[in-house]
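A.B. asks: One structure, as structure tokens, below. Some questions next.
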Amino acid sequence: MENSLYLIVSSVIVLVILFSIYGLYVKVIKSKNSVLEALSSIDVQLRKRYDLIPNILTIAQKFMEHETELFNQITELRTKAINAQSGTKAKFEAEAKLDAQLRALMVNVENYPTLKSDATMVQAMATYNEVEEHISAARRFYNSALTQLKNVIEIFPGNLFASFAGQTSSFSYFETEEAAKAPINAANYLK
Amino acid sequence: MSNEINKKQKKSFANKLRNVFTEEIKEHLKVIEKERIRYITYSFLSLLAIPIFIVLFFFYLNNSESVNIDINFVVFFIAGPLALSYFILKRYKTKAKSQIMPLLLSCLGDFKCVPKEIKKNQDDKAYFKRLKLIPPFDSCSVDDRIVGQYNNLQVDIYEVELARIQRSRKSYSKTIVFSGLLVKVPLLKNSNTVTLIKPKAIKIGDSKNIVKLEDPEFNKHFDVYSLDQVEARYLITTAFMSRLIKIVKMKMGEVSLSFEEGYVNIAIDNKKQTLGLNIPFLKKDWFEVSIFQKATDIRNYRKILEELQAILDVIDNLKLTQNIGL
């Protein structure tokens, strides 16, 4: 009688432990998948940006003949960003550089009133702004999902199951590049 | 900068109100004032029935040998005059408001009150039914509907009461699910799914669709639900979150918000002020003319304009009239 009671109690304890382990495993995998989902949503938005860049450059080239160097840099950075592996620091860096050059292009557009008022350019810039907002939203989603994953795999007992998530060290937070953090000198834009 | 514009706007409304008051409506208000006194007299007379009844009742108790009181009879003679008095006062308020509001709204630019027959528009009821923002309801009564253009944006303001009705052969119960304001403003951003911002206390939908945002103070007040995590963040930027917290601090009621059907829908629920009871006296009435203040008193109308201004402040604070990407 006593033996069977011990057996029942110990089976219950083992079952609870097994379910807890399974629960943690599910949590780790779900968090990891959420990061991957967020990464893919950034890629979807970036794809839109890559598709938009040639259109903007084609329109801009007609009016901005002296900016060939900037166009070449953007094209080069675009190719680099497309080829970089998703979610890696290299990808984020390439994106940041491309972003900076695109912003420089948008500032230069201000110096060409005919281009600025061109209907197709106005439309392209509006679409560009919307895509940029979506990219920023997707990056916020990614950072939030990554925080959740890090919380799960770095806090005990989740850290014991971190290996279930596979290689997670390649995931890094999206951070604003140093150039964007620097104070803006308004005089540069108000020539 | 925006505060400065608001201050200027408020000053301009105050000036316009003074002009409208002295030049256009003062004469008209004198007629309404006479009506107010008439309605107060009727209301007082109906309430007078209560002490008369009490005196007669005690007289009856003193003079009869066997006391046999029907409680329904007592309730009828006390609640009846009270209800009658309430409806007389309510009638005055409705009548005065329908006459004064169009004139007052001219102070706010291109705004107008929607006539009663259009207020009962079935399209609006169907729109409210489709909204995920408000809980399911069976009956809908629109007290006020104000439409207008604000900074080139069509703004619809509804004062509505939505209730759930349960009927059976023996019983009838009405539970108010929403009582307050619903503001509808076109959404200037593209959106494909429904995004809801609900007060933390109200749990709706699937927890899988919860969007965890970055602002801890915002998260203390609200839960966000959406099928699209990216779109929710595209619509609810960090700046938008802090603006929404500012609105919560205005304490106008329980604020919830949705991005659906191409509109930003803002619901300000004052249901809690009724303590969950269906008692008309407890209900917060927006844009009401006070019966206890002279109809010719400008302070009466300043309050209405201040309430409307507060709603326009919500639109300004949320920067719904500009698509600046923030």
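By order in the structure tokens, chains are A, B, ...; within a chain, residues start at 1; ligands start at 1, following the order shown.
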Can you pull out every residue from segment 41-271 of chain B that DSSP, working from the backbone, puts in alpha helix (DSSP H), and format the result as a VMD selection string?
C.D. replies: chain B and resid 41 to 63 71 to 105 116 to 119 122 to 130 216 to 221 229 to 235 238 to 249
A.B. asks: Any idea what's packed within 6 Å of Val183 of chain B, counting only C-alpha atoms, ignoring anything in its chain fewer than 3 positions away? Could you give it as an NGL selection string?
C.D. replies: :B and (156-157 or 265-266)
A.B. asks: Between B:His221, B:Lys184, B:Lys189, B:Lys95, which is the closest to chain A once you count only C-alpha atoms?
C.D. replies: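 Smallest distance to chain A is found for B:Lys189.
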A.B. asks: Using only C-alpha atoms, select each residue of chain A with any atom at most 9 Å away from an atom of chain B, and give the selection as a list in words.
C.D. replies: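 Only these qualify: Ala38, Ser41, Ile42, Asn129, Glu130, Glu133, His134, Ile135, Ser136, Ala137, Ala138, Arg139, Arg140, Phe141, Ser144 and Ala145 of chain A.
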A.B. asks: Name the residues in contact with Thr195 of chain B at a cut-off of 7 Å, using only C-alpha atoms, excluding same-chain residues fewer than 6 positions from it; report them as a compact mmCIF listing (two decimals) with N, CA, C and O atoms, in the first residue's frame.
C.D. replies:
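This went into result-v3.txt:
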# COMPACT_ATOMS: atom_id res chain seq x y z
N TYR B 225 -3.89 45.08 -29.25
CA TYR B 225 -4.19 43.82 -29.95
C TYR B 225 -4.12 44.07 -31.46
O TYR B 225 -4.67 45.07 -31.94
N SER B 226 -3.46 43.17 -32.15
CA SER B 226 -3.44 43.29 -33.62
C SER B 226 -3.03 41.96 -34.23
O SER B 226 -2.31 41.18 -33.59
N ALA B 232 0.92 47.27 -36.33
CA ALA B 232 0.58 47.89 -35.04
C ALA B 232 1.66 48.88 -34.62
O ALA B 232 1.37 49.98 -34.16
N SER B 258 -9.16 52.56 -31.69
CA SER B 258 -8.94 51.50 -32.68
C SER B 258 -8.61 52.11 -34.03
O SER B 258 -9.03 53.22 -34.34
N PHE B 259 -7.84 51.38 -34.79
CA PHE B 259 -7.58 51.74 -36.17
C PHE B 259 -8.30 50.69 -37.00
O PHE B 259 -7.86 49.55 -37.08
N GLU B 260 -9.45 51.04 -37.50
CA GLU B 260 -10.20 50.08 -38.32
C GLU B 260 -11.12 50.81 -39.29
O GLU B 260 -11.47 51.97 -39.05
A.B. asks: As an exercise, work out the distance from atom CA of Asp110 of chain B to atom CA of Gly148 of chain B in Å and give it to one decimal place.
C.D. replies: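 Those two atoms sit 5.3 Å apart.
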A.B. asks: Just want the 10 Å neighbourhood of Phe63 of chain A, counted on only C-alpha atoms, with same-chain residues fewer than 5 positions away dropped. Output as number ranges by chain.
C.D. replies: A: 58, 109, 112-116, 118
A.B. asks: Near Leu77 of chain A, within 9 Å and counting only C-alpha atoms, which residues show up once chain neighbours fewer than 2 positions away are dropped, as a list in words?
C.D. replies: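 Close residues of Leu77 of chain A: Asn72, Gln73, Ile74, Thr75, Thr79, Lys80, Ala81, Ile82, Ala94, Glu95, Lys97, Leu98 and Gln101 of chain A.
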A.B. asks: Provide the atom CA of Ile197 of chain B to atom CA of Leu257 of chain B distance in Å, to one decimal place.
C.D. replies: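 Atom CA of Ile197 of chain B sits 5.0 Å away from atom CA of Leu257 of chain B.
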A.B. asks: Would you work out the distance separating atom CA of Thr193 of chain B from atom CA of Val160 of chain B, expressed in Å to one decimal?
C.D. replies: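 These atoms are spaced 25.3 Å apart.
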A.B. asks: Measuring between only C-alpha atoms, which one of B:Glu33, B:Pro186, B:Thr22, B:Gln99 shows the shortest distance to Val264 of chain B?
C.D. replies: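 With only C-alpha atoms as the atom set, the closest residue is B:Pro186.
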A.B. asks: Apply DSSP to the backbone of this structure and, from segment 43-253 of chain B, keep only the residues in strand (DSSP E or B); write these as a PyMOL selection string.
C.D. replies: chain B and resi 110-113+139-150+153-167+172-186+195-199+210-211+222-226
